[in-house]
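See structure below.
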Amino acid sequence: MVKATSAAQPGLEEELPSRYLVGIDLGTTNSAVTFIDTHADDGKIETFLVPQMVAPGQVEARTTLPSFHYQTAKGEFPPGSLKLPWSKSEESSTVGTFARDHGTSVPGRMINSAKSWLSHSGVDRTAALLPWHGSADVDKLSPVEVSSRYLAHVRAAWNHRFQDEPLEKQDIVLTLPASFDEIARELTVEAAKQAGLQRVVLIEEPQAAFYDWLAKHANSWQEQVSPGQTILVCDIGGGTSDFTLIRARAGDEDLVQFHRVAVGEHLILGGDNLDLALAHYLEGKLSPKDKLPADRWSILVRRCRQIKETFLGPDPPEAQTVSLPAVGSKLIGGALQCEVTRDEVHQVLVEGFLPESGLDETPEMRTSGFQEFGLPYAPDAAISRWLAYFLRTHHEVIEEESRHKSGAVRPDLVLFNGGFFESPVLKQRLIEVLSGWFQKDDPAWNPILLENDHLDLAVARGAAYYGRVRRGTGVKITANLARTYYIGVGLSASGESEAMCLLPATTEPGQEIDLQHRFQLRVSEPVEFPLFVSSTRLIDTPGQLVPIDPQQIKALPPIRTVLRARRRSEAETIPVHLHARLTEIGTIELWCAEVDSDRTWRLQFDIRSATQTDVAAHQSAREAEGMLDESLWNDAATLLNETFSDNATRKPQPLIKDLEAALEMKRVDWPTSLLRRMWEHLMDLESGRSKSPTHESRWLNLAGYCLRPGYGLALDDWRVSETWKLLQGKVLHNDDNCRNQSLILWRRIAGGLNRGQQLAIAEPLLVATRAMHKRMTSGGGGTSTATFTPQQAIEAWRLLGSLELLGAQEKTEIGRMLVDLLGKKKLEPARGAMGWTVGRLGTRVPVYGPLNTLVPKEIAGKWLEAIYRQKATDRADQLAVMQLARKTSDRYRDLPEAVRHEAADWLTSQKAPEHWIRIVREGGQLDEEEQSQIFGESLPTGLTLVR
């Protein structure tokens, strides 16, 4: 019996071979399922016709499955009309043509671009956030869950058709963009697992498209490709642009061997961006004075997809009338209409996205203003500039004797793939741009175009063919990493940050790399392995030390862990070697192996830090500064021991002043590394807080101060976790000051807490706030209900405002209650805290939380009005107004322009800082002092809050 290892679950043995080799393309624009029946004599690649909804009550077979997920409202359609052949009950959602077409009229109920969301590090990709800014009654789904539902739909349809050969028993090749990072790959595998598909292998889409070309030209491809030639694959779909270089080299017996040698940066740039650009242009004609409201804007974007296809397709008209129906009560007078011409569309889309740029031009790297759907679109819309940059930066992957004198890769063969190239206009323009770059040196040169007559199916067909290649038949593309991975090793002799090459770009799936360098590793204590990646340094070798140049080498989520020994208390430093392996599914495994021992530890990427927050892992310039003179630290440690140890005699009140004297610096200047070391010592002395309420309040105050803001330095998530385990939000003494200091501690480190912990902290504070609100607004609430002292109310509300992982619903309730209480005379001492909290709750730009937890802009607008109505306001109210009305260039976050200008005028009348007024009118970034004001106090020296 032949055995093989399941790629989705390393170590799980499966019987092979399965009958079918199945290729699935979950493209942004469409999805396709193809297969090879290995029992058939011809071994042809066939297309499975996936049933999908085209209208209520109608199901037909289609060759593609558009990647849209549409959720229906209760009672929207007659019972049973959305039932699929394999469904046992009524469906509450549907995918496919009907979802795409009907979803245009109800954009708040439609999910699309799920794959782009899956690669978006700016949100929690495991959180239920789609549809982005969806309708209130829609059950939101995470990008992982949406991807899983697409696959589950395919699985159900397949199993209905092939009842004796269920999909979960077949070998499946799932496609993804070549530029997907490690986290997106892991989440893709997780989505497949959730859909019940375990036997999954990943392949990059440009590679799959070339495999399809090889399959179609099985008997003639060697006549078209020669050793020494370079193939450029341009795969541009609805959501992403992927560039890949494949090199043809001479193999055994002069046979051509293919090597994938380079892939481009991850670019969320494709057909969706063309729709957005055209919508922005037409919005100016339809509504010259004001931006369209979000619902009408969504409809316009969908209309622009149809306009784009009409004008960029064959035989376009000279002009077309664009009509935008009214929404709401003004169904007649509110309709908008304008005319758009072919020249206008050509100028916006062709010149905007494929300008005749030079080969030496570099794309704009600043943050894009295109954030209409929350996605981090490429900062430069010019696909031609990105392609030029790709060809230049990967010049060294070509053998020296074959390098072109232009300093860029000159491709011999070009394969276009993706729905973008359905347009003959766009295809021809990119050919002209590419030819123009190299015809200066060789006027007769033109790239040879490889035929691709089914752009919608090529990737899925190539994936199925790759399944055959994995079984030893067909033509193989040797696919290395096309990226180089590094591990940070500290500072060089000259003071530069250095990294060691861990996995070179030449690594192939299944290959292991052993670094013979010895590392000293602490066991039974937390450690961090900083990781880096480069898609341009492709010739570094394992063990090579290189300087960390941010232009070439980018930080990845680090590996953070505690490597446990046999005994929990066994802390030691041991010599280890590092081993790395590229798995068959394209993920990376790392191992530490003790020298001269059989002890090993497997390391895993910190997916949590990449999926649950968009705060970068490292924000502190102080991490590499080293510690203070050890004698100074010893003096500080002695003070802590004399205050909190079992036999301590020193009083806790003057501790801060004594520490400042011992360390010879004010506490605001204590470096982050010192603060974290002090926190560690305080945790060892935690039992000392039981001595008295004064001891506990001082311990809580100093511990929170040392760990603020709960993230930003290596292992801060572990430190916060340890603090949570130890304290659980409780105090030892029934003392108001201890309770206040506990609230302050959790506010200070809130950014390091997970959502469950934040909810646990928030719940009792919400109960007390509800009781106070009821008593002060309606006279109810009773006297037995838990409530606050005035000082506790201030700290409790500031803590609630800092819990950014609370959902929009919880934040809205808290903000509503505080707004109702703003004018209450009894709460005058808490006015500053209430204004500050309302600003944090309703901010348009969170400090550390994901964007999917923001309060709706309509709510933020109401809170603005409530602040304006107050007879007396202060700086906290001004800060709140700035946060509520701040311009982000995201239509779904920004308040209407008139409301923002009103807020700016109010700030002007209140003599608020000029920078705040400018941020409301024009947008911009906060400086360090402003960040500290929003955080609630000074930040550790050298640490900034960067989104």
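Within each chain, counting starts at residue 1; across the structure tokens, chains are named A, B, ... in the order shown, with ligands numbered 1 upward in that order.
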
task = Run DSSP on the backbone and give me the residues of region 59-118 of chain A it puts in helix (DSSP H, G or I), as a list in words.
result =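 Restricting region 59-118 of chain A to helix (DSSP H, G or I) produces Thr97, Phe98, Ala99, Arg100, Asp101, His102, Gly103, Pro107, Gly108, Arg109, Ala114, Lys115, Ser116, Trp117 and Leu118 of chain A.
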
task = Would you return as a list in words the members of region 597-749 of chain A that DSSP assigns to strand (DSSP E) on this structure's backbone?
result = Thr600, Trp601, Arg602 and Leu603 of chain A

request  = Identify which of the residues A:Lys554, A:Arg739, A:Lys216, A:Arg470 lies closest to Gly488 (chain A), counting only C-alpha atoms when measuring atom-to-atom distances.
outcome  =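 That would be A:Lys554, the residue with the smallest distance to Gly488 (chain A).
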
ask   = Near region 754-770 of chain A, counting only C-alpha atoms, which residues have an atom at most 9 Å away, once you skip same-chain residues fewer than 4 positions from it, shown as a ChimeraX atom specification?
value = /A:612,724,728-729,746,750,774-775,781,785-788,793,796-797,799-800,803-806,814,817-818

task = Give the answer as one residue: which of A:Val345, A:Ile487, A:Asp442, A:Leu197 has the shortest atom-to-atom distance to Glu528 (chain A), using only C-alpha atoms?
result =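 Residue with the minimum atom-to-atom distance to Glu528 (chain A): A:Ile487.
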
task = Just give me the gap between CA of His120 (chain A) and CA of Gly418 (chain A) in Å, one decimal is fine.
result =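 Distance between the two atoms: 20.7 Å.
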
inquiry  = Can you pull out the residues contacting Ile574 (chain A)? Cut-off 8 Å, using only C-alpha atoms, and skip same-chain residues under 5 positions away; I want them as a PyMOL selection string.
reply    = chain A and resi 520-523+594

What would the file look like if the residues just selected were written as a PDB file, in the first residue's frame with all heavy atoms?
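Everything below was put into part.pdb:
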ATOM      1  N   GLN A 520      22.592  30.460  22.125  1.00  0.00           N
ATOM      2  CA  GLN A 520      22.338  30.218  23.541  1.00  0.00           C
ATOM      3  C   GLN A 520      20.860  30.496  23.820  1.00  0.00           C
ATOM      4  O   GLN A 520      20.354  31.569  23.499  1.00  0.00           O
ATOM      5  CB  GLN A 520      23.224  31.118  24.408  1.00  0.00           C
ATOM      6  CG  GLN A 520      24.710  30.823  24.279  1.00  0.00           C
ATOM      7  CD  GLN A 520      25.048  29.406  24.715  1.00  0.00           C
ATOM      8  OE1 GLN A 520      24.599  28.935  25.764  1.00  0.00           O
ATOM      9  NE2 GLN A 520      25.845  28.717  23.897  1.00  0.00           N
ATOM     10  N   LEU A 521      20.180  29.541  24.403  1.00  0.00           N
ATOM     11  CA  LEU A 521      18.730  29.616  24.554  1.00  0.00           C
ATOM     12  C   LEU A 521      18.341  29.389  26.005  1.00  0.00           C
ATOM     13  O   LEU A 521      18.811  28.448  26.648  1.00  0.00           O
ATOM     14  CB  LEU A 521      18.064  28.554  23.665  1.00  0.00           C
ATOM     15  CG  LEU A 521      16.537  28.531  23.646  1.00  0.00           C
ATOM     16  CD1 LEU A 521      15.999  29.782  23.008  1.00  0.00           C
ATOM     17  CD2 LEU A 521      16.053  27.306  22.890  1.00  0.00           C
ATOM     18  N   ARG A 522      17.466  30.262  26.523  1.00  0.00           N
ATOM     19  CA  ARG A 522      16.944  30.086  27.859  1.00  0.00           C
ATOM     20  C   ARG A 522      15.722  29.183  27.813  1.00  0.00           C
ATOM     21  O   ARG A 522      14.779  29.404  27.054  1.00  0.00           O
ATOM     22  CB  ARG A 522      16.546  31.431  28.468  1.00  0.00           C
ATOM     23  CG  ARG A 522      17.710  32.340  28.828  1.00  0.00           C
ATOM     24  CD  ARG A 522      18.505  31.816  30.002  1.00  0.00           C
ATOM     25  NE  ARG A 522      17.762  31.887  31.250  1.00  0.00           N
ATOM     26  CZ  ARG A 522      18.200  31.343  32.378  1.00  0.00           C
ATOM     27  NH1 ARG A 522      19.348  30.689  32.412  1.00  0.00           N
ATOM     28  NH2 ARG A 522      17.474  31.443  33.487  1.00  0.00           N
ATOM     29  N   VAL A 523      15.755  28.139  28.633  1.00  0.00           N
ATOM     30  CA  VAL A 523      14.655  27.178  28.701  1.00  0.00           C
ATOM     31  C   VAL A 523      13.844  27.455  29.968  1.00  0.00           C
ATOM     32  O   VAL A 523      14.388  27.867  30.999  1.00  0.00           O
ATOM     33  CB  VAL A 523      15.190  25.731  28.717  1.00  0.00           C
ATOM     34  CG1 VAL A 523      14.046  24.730  28.807  1.00  0.00           C
ATOM     35  CG2 VAL A 523      16.019  25.476  27.475  1.00  0.00           C
ATOM     36  N   GLU A 594      18.780  20.853  20.957  1.00  0.00           N
ATOM     37  CA  GLU A 594      19.896  21.021  21.877  1.00  0.00           C
ATOM     38  C   GLU A 594      21.128  20.298  21.341  1.00  0.00           C
ATOM     39  O   GLU A 594      21.042  19.161  20.856  1.00  0.00           O
ATOM     40  CB  GLU A 594      19.530  20.495  23.256  1.00  0.00           C
ATOM     41  CG  GLU A 594      20.611  20.734  24.304  1.00  0.00           C
ATOM     42  CD  GLU A 594      20.207  20.258  25.681  1.00  0.00           C
ATOM     43  OE1 GLU A 594      19.128  19.623  25.800  1.00  0.00           O
ATOM     44  OE2 GLU A 594      20.965  20.503  26.645  1.00  0.00           O
TER      45      GLU A 594
END
